[in-house]
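Enquirer: I'd like to ask some things about the structure below.
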Amino acid sequence: MRREKLFDVLENIDEKYTDEAVKSKEEGVKRAEASSSEVKPFFSKRTAWIAAAASIVLIVIVTSAAVAIKAEETEYNKAMSFFEENDLSVEGLSRAEIKAVYRDIINNRFENDKTAEVIRKNIPGYEISSEKPTAAELAEAWENRIWVGIKDESEYTYKMDFVIGDDEEVGFGQVIQKTVVTCLKNGEKLWTVDIEHMWVTQGKILHGSFGTLLWETFRIADGPSNIRYYYKMVCVGDDGIIKWDKLFEHGSAERIYNVLERDDGTIAVFSTHYEKTIPDDVPPAETQEYLCVCILDSKGNELSTVSNAIGKVHSARIGSVTVCDNGYLVSMTNMEGGKTALFRTGTDGKVLGQYGYESGDSEYDIVDQIEYEGKLYISAYSYPKTSEKDGVYGKFAAMQEYVFSVTKGKTLDEIYEIINTDEYLAGSLEVARKTFTAVLLICDKDGGEPSAFYSINGAMGSKLSINEEGQLEWLTIDLLRAEMSVIYNSWFARTWGAVCRNVFDPDGKLIKQEDTGKLDGYEW
Amino acid sequence: MDDSKIIELFKERSEQAIIELSNKYGKLCESVAGAILPDPADVEECVNDAYLGVWNTIPPKEPEYLPGYVCKVVRNLAMKKLRFNSARKRNSFFDVSLDELEDCFPTAGSVEDEAEAKNAADAVNRFLSTLRKDDRTMFIRRYWNADTVEALARDYGKTKHNINARLSRIKKELKKYLSKEGIML
């Protein structure tokens, strides 16, 4: 009876409010349709995509409803679903504590002692620095985890705790004394080891047949004109014993971007550097830069090193590296002009060719690349052409214009209020969706000449891989949120969205598209 | 095609009206029905019945906001179907959202007065008028449309946690408001 009355109450909700809700829903449906129907390859697959999108919606609803119906049975089940959904560990928590933490988080209180413990386990150690974080700090860390807490599905995962102390050599300031690294295999602790005087962070770790490799770049200054750069690598066996610990030095301001294990068990290290003689972090613009490929054996012995001059490009960065026939494909960004290019190297690291892409009014930032069935596939995102002087941030010109248009003449307090409103975020997203387009270029393997492409408006290209059925998978990020800072001295921009999977057959034909249910983003 | 032109086609009794309506609002209608009914066959049937319903009511009706009108027809038919299905088994997404909302209404014991629901609806409408537009549309989409939290998170560009937290806060405020107004069900 009570439920019947509830039906009646809902039937009598004012039409002006239900119309508002229909408008909101209509916009959502339109956006979903737009992102799905804007695939415009040389051969259209619009119908297939719409059909796929409809079934995706259904799958998402069915899954979440199933969870929700189950969840109503007991609060404990609800809490467990919440933990699982958010990739939180229940290790060491009693049944009552699991429920208490669940209630604490969903009610935005963050007061329970165990909540801090759970969040600390879930978010990398440096995100919550104090021993006893406040409720506000925990709430912030929890809210921000969407940018950093992308679920790690790899077999080996790592947690880091940092021990910071006074710099005894100089008598003031604080330095890293050690990083306590814990390795987990499928969530079970495998080993813990102390790495002295080294920051070990996520993204600078690789697991391979040799064990676990950790690295960090160092800079030592013995006065203003005598600065040396080197990188340190530490290899830890699966038993938790340090196997070797070595220093490498190839040039000035060397930075490692990628490390991968080769089929023969050797290790390829991809870095950039200037000439050894450049004695500063920020050398003059007219300075030759190098793409360096160093091959190590499993004991850390340097087998070969090739440093390729890539021009006076001012602080080039390596994006991604993939193995191809007889070598590697390396995407790089030139920070001054903001251009990206793809370099093909031999197995020894020597550059054999270079490709860059742009069309009449658009530029392309390369995100990933792969060779598949004799073709070169390049995942990228395009945006309106920018001038050389705009640099790497030129792609955000429209977003910047929007930020300035809504914050012009406002005080800092007013600006902070504006940028937290839903209206501001909706505007910012609209600009970003108009700016970016995910692009998949299908190119000739040797010459890099594009022969076909796929594009999805309001999205950004992401990873390329080959699935178990031997099909090519292209991930794209359908933008749901875009932000940029309003303060110049702490400039950042970030985009975030739903990860969609686009599957291609060996002929390069799009055969399936689906929502993965995951979220991912980029930050600059 | 403009909504006014579609309405004109209905008034001219042109079957093209249904084609245009379906082209423009088909996805929206499926989405409204799909949020309430779990069976795709029921959804399709409900949307087709809704087109017929619109055909039978325009004219004489001339809705100011066509998608709102069509969605209301779709929702009514979906609810009717749901009530029919529910007589056998509780098995819909709408049940889940009703379960969440039910706690907001203080229990009246054995109240039989039909006017009670109308009073409650008026109070809910007054409460809704106090909310920010985004909070209000979010609330109605969850409990009137039965949209999933996932769908809301996407459309509002928020995390599921954020949506759940906002809905939970609104429900808490509604409960307080209804208690203050002496509304019970």
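Letters A, B, ... go to the chains of the structure tokens in the order shown; residues in each chain start at 1; ligands are counted from 1 in the same order.
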Quick one: residues within 12 Å of Ile105 (chain A), only C-alpha atoms counted, chain neighbours fewer than 5 positions away excluded, as a list in words?
Expert: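 In the requested form, the answer reads Ala79, Phe82, Phe83, Asn86, Leu88, Ile98, Lys99, Ala100, Phe110, Glu111, Asn112, Asp113, Lys114, Thr115, Ala116, Val118, Ile119, Ala135, Ala136, Leu138, Ala139, Glu140, Ala141, Trp142 and Glu143 of chain A; His161, Asn162, Asn164 and Ala165 of chain B.
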Enquirer: Pull C-alpha atoms from the residues just selected and write them as a CSV table (one decimal), in the first residue's frame.
Expert:
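File part_21.csv, as written:
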```
chain,number,residue,atom,x,y,z
A,79,ALA,CA,29.6,-2.3,1.7
A,82,PHE,CA,31.4,-0.6,-2.6
A,83,PHE,CA,34.8,-1.8,-1.6
A,86,ASN,CA,36.3,1.2,-5.7
A,88,LEU,CA,39.5,-0.9,-1.8
A,98,ILE,CA,33.9,-2.7,6.7
A,99,LYS,CA,30.4,-1.4,7.2
A,100,ALA,CA,31.6,1.5,9.3
A,110,PHE,CA,35.8,10.7,6.8
A,111,GLU,CA,35.9,10.5,10.6
A,112,ASN,CA,36.4,6.8,11.3
A,113,ASP,CA,40.1,5.9,12.0
A,114,LYS,CA,39.8,2.9,9.7
A,115,THR,CA,38.8,5.1,6.8
A,116,ALA,CA,42.2,6.7,6.7
A,118,VAL,CA,41.7,2.1,3.8
A,119,ILE,CA,42.2,5.2,1.7
A,135,ALA,CA,38.7,14.6,7.5
A,136,ALA,CA,39.0,17.3,4.9
A,138,LEU,CA,40.8,12.4,3.4
A,139,ALA,CA,37.8,13.7,1.6
A,140,GLU,CA,40.0,15.6,-0.9
A,141,ALA,CA,42.2,12.5,-1.4
A,142,TRP,CA,39.1,10.4,-2.0
A,143,GLU,CA,37.6,12.8,-4.5
B,161,HIS,CA,30.3,8.3,-5.5
B,162,ASN,CA,29.6,12.0,-6.0
B,164,ASN,CA,25.3,8.9,-4.5
B,165,ALA,CA,26.5,11.4,-2.0
```
Enquirer: Please report as a tab-separated table every residue of chain B lying within 6 Å of chain A, along with the nearest atom pair and their distance in Å (one decimal), using only C-alpha atoms.
Expert:
```
residue	atom	partner	partner_atom	distance
B:Gly68	CA	A:Asp19	CA	4.9
B:Ala117	CA	A:Val9	CA	5.5
B:Ala121	CA	A:Val9	CA	4.6
B:Thr137	CA	A:Ala21	CA	4.6
B:Arg141	CA	A:Ala21	CA	5.8
B:Asp155	CA	A:Gly28	CA	5.1
B:Gly157	CA	A:Leu480	CA	5.1
B:Ala165	CA	A:Ile106	CA	6.0
```
Enquirer: Could you write out the selected residues, including N, CA and C atoms, as a PDB file, in the first residue's frame?
Expert:
```pdb
ATOM      1  N   GLY B  68       8.987  16.536 -23.508  1.00  0.00           N
ATOM      2  CA  GLY B  68       8.458  16.342 -22.151  1.00  0.00           C
ATOM      3  C   GLY B  68       7.132  15.598 -22.211  1.00  0.00           C
ATOM      4  N   ALA B 117      -1.684  11.166  -0.227  1.00  0.00           N
ATOM      5  CA  ALA B 117      -0.667  11.107  -1.285  1.00  0.00           C
ATOM      6  C   ALA B 117      -0.577  12.437  -2.017  1.00  0.00           C
ATOM      7  N   ALA B 121       2.585  14.789  -2.324  1.00  0.00           N
ATOM      8  CA  ALA B 121       3.107  15.243  -3.618  1.00  0.00           C
ATOM      9  C   ALA B 121       3.290  16.758  -3.612  1.00  0.00           C
ATOM     10  N   THR B 137      16.956  18.151 -11.012  1.00  0.00           N
ATOM     11  CA  THR B 137      16.852  17.256 -12.180  1.00  0.00           C
ATOM     12  C   THR B 137      17.473  15.898 -11.853  1.00  0.00           C
ATOM     13  N   ARG B 141      15.364  12.594 -12.077  1.00  0.00           N
ATOM     14  CA  ARG B 141      15.825  11.564 -13.016  1.00  0.00           C
ATOM     15  C   ARG B 141      16.035  10.234 -12.302  1.00  0.00           C
ATOM     16  N   ASP B 155      26.125  11.773 -17.351  1.00  0.00           N
ATOM     17  CA  ASP B 155      25.507  12.993 -17.872  1.00  0.00           C
ATOM     18  C   ASP B 155      25.905  14.230 -17.074  1.00  0.00           C
ATOM     19  N   GLY B 157      28.824  14.437 -15.481  1.00  0.00           N
ATOM     20  CA  GLY B 157      30.289  14.508 -15.429  1.00  0.00           C
ATOM     21  C   GLY B 157      30.837  14.353 -14.025  1.00  0.00           C
ATOM     22  N   ALA B 165      26.392  10.539  -3.169  1.00  0.00           N
ATOM     23  CA  ALA B 165      26.495  11.441  -2.015  1.00  0.00           C
ATOM     24  C   ALA B 165      25.472  12.575  -2.142  1.00  0.00           C
TER      25      ALA B 165
END
```
Enquirer: Set the distance at 10 Å and use only C-alpha atoms: which residues neighbour Ile7 (chain B) once local chain neighbours fewer than 6 positions away are removed? I'd like the list as a list in words.
Expert: Arg13, Ala17, Ile18, Glu20, Leu21, Val54, Trp55, Ile58, Pro59, Lys61, Glu62, Pro63, Glu64 and Leu66 of chain B
Enquirer: Those residues you just picked out, can you put them in a file as a tab-separated table (two decimals), in the first residue's frame with C-alpha atoms?
Expert:
```
chain	number	residue	atom	x	y	z
B	13	ARG	CA	-2.82	13.42	-39.64
B	17	ALA	CA	4.71	12.65	-37.97
B	18	ILE	CA	5.42	9.35	-36.24
B	20	GLU	CA	9.86	12.23	-37.52
B	21	LEU	CA	8.99	11.79	-33.85
B	54	VAL	CA	0.69	10.70	-29.04
B	55	TRP	CA	-1.06	10.16	-32.39
B	58	ILE	CA	-2.42	15.40	-30.77
B	59	PRO	CA	-4.75	16.99	-31.72
B	61	LYS	CA	-3.59	18.53	-27.39
B	62	GLU	CA	-0.81	20.83	-28.50
B	63	PRO	CA	2.10	20.37	-26.08
B	64	GLU	CA	4.37	23.31	-25.42
B	66	LEU	CA	7.07	18.00	-27.13
```
Enquirer: Excluding Cys104 (chain B) and residues on its chain fewer than 5 positions from it, collect all residues at most 8 Å away from it, counting only C-alpha atoms, and give them as a PyMOL selection string.
Expert: chain B and resi 171-172+174-175+178
Enquirer: Selected residues, C-alpha atoms, written as a CSV table (one decimal), in the first residue's frame, please.
Expert:
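File again-v8.csv, as written:
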```csv
chain,number,residue,atom,x,y,z
B,171,LYS,CA,17.0,12.6,0.5
B,172,LYS,CA,18.1,13.6,4.0
B,174,LEU,CA,13.6,15.8,2.0
B,175,LYS,CA,13.1,13.6,5.0
B,178,LEU,CA,8.5,16.1,5.2
```
Enquirer: Between CA of Ser382 (chain A) and CA of Gly356 (chain A), what is the distance, to one decimal in Å?
Expert: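 Interatomic distance, CA of Ser382 (chain A) to CA of Gly356 (chain A): 12.6 Å.
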Enquirer: Provide the CA of Val351 (chain A) to CA of Asn308 (chain A) distance in Å, to one decimal place.
Expert: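 Value for the CA of Val351 (chain A)-CA of Asn308 (chain A) distance: 6.6 Å.
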Enquirer: Run DSSP on the backbone and grab whatever in region 319-496 of chain A lands in helix (DSSP H, G or I); send it over as a PyMOL selection string.
Expert: chain A and resi 388-407+412-418+422-435+488-490
Enquirer: Figure out the distance between CA of Ser465 (chain A) and CA of Tyr381 (chain A), please, to one decimal in Å.
Expert: 17.0 Å
Enquirer: Given only C-alpha atoms as the basis, pick out the residue of B:Ala78, B:Val124, B:Leu152, B:Tyr177 nearest to Pro40 (chain B).
Expert: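 Ranking B:Ala78, B:Val124, B:Leu152, B:Tyr177 by distance to Pro40 (chain B), first place goes to B:Ala78.
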Enquirer: Nearest to Gly26 (chain B): which of B:Pro60, B:Cys71, B:Leu52, B:Leu82 is it, counting only C-alpha atoms?
Expert: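 The closest residue to Gly26 (chain B) is B:Cys71.
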Enquirer: I need the residues of region 220-381 of chain A that end up classed as strand (DSSP E) by DSSP on the backbone, written out as a PyMOL selection string.
Expert: chain A and resi 220-221+227-236+242-248+252-261+267-274+289-296+302-311+316-324+327-334+339-346+351-355+362-372+375-381
Enquirer: Counting only C-alpha atoms, figure out which residue out of A:Phe210, A:Tyr230, A:Tyr156, A:Phe162 gets nearest to Glu196 (chain A).
Expert: A:Phe162
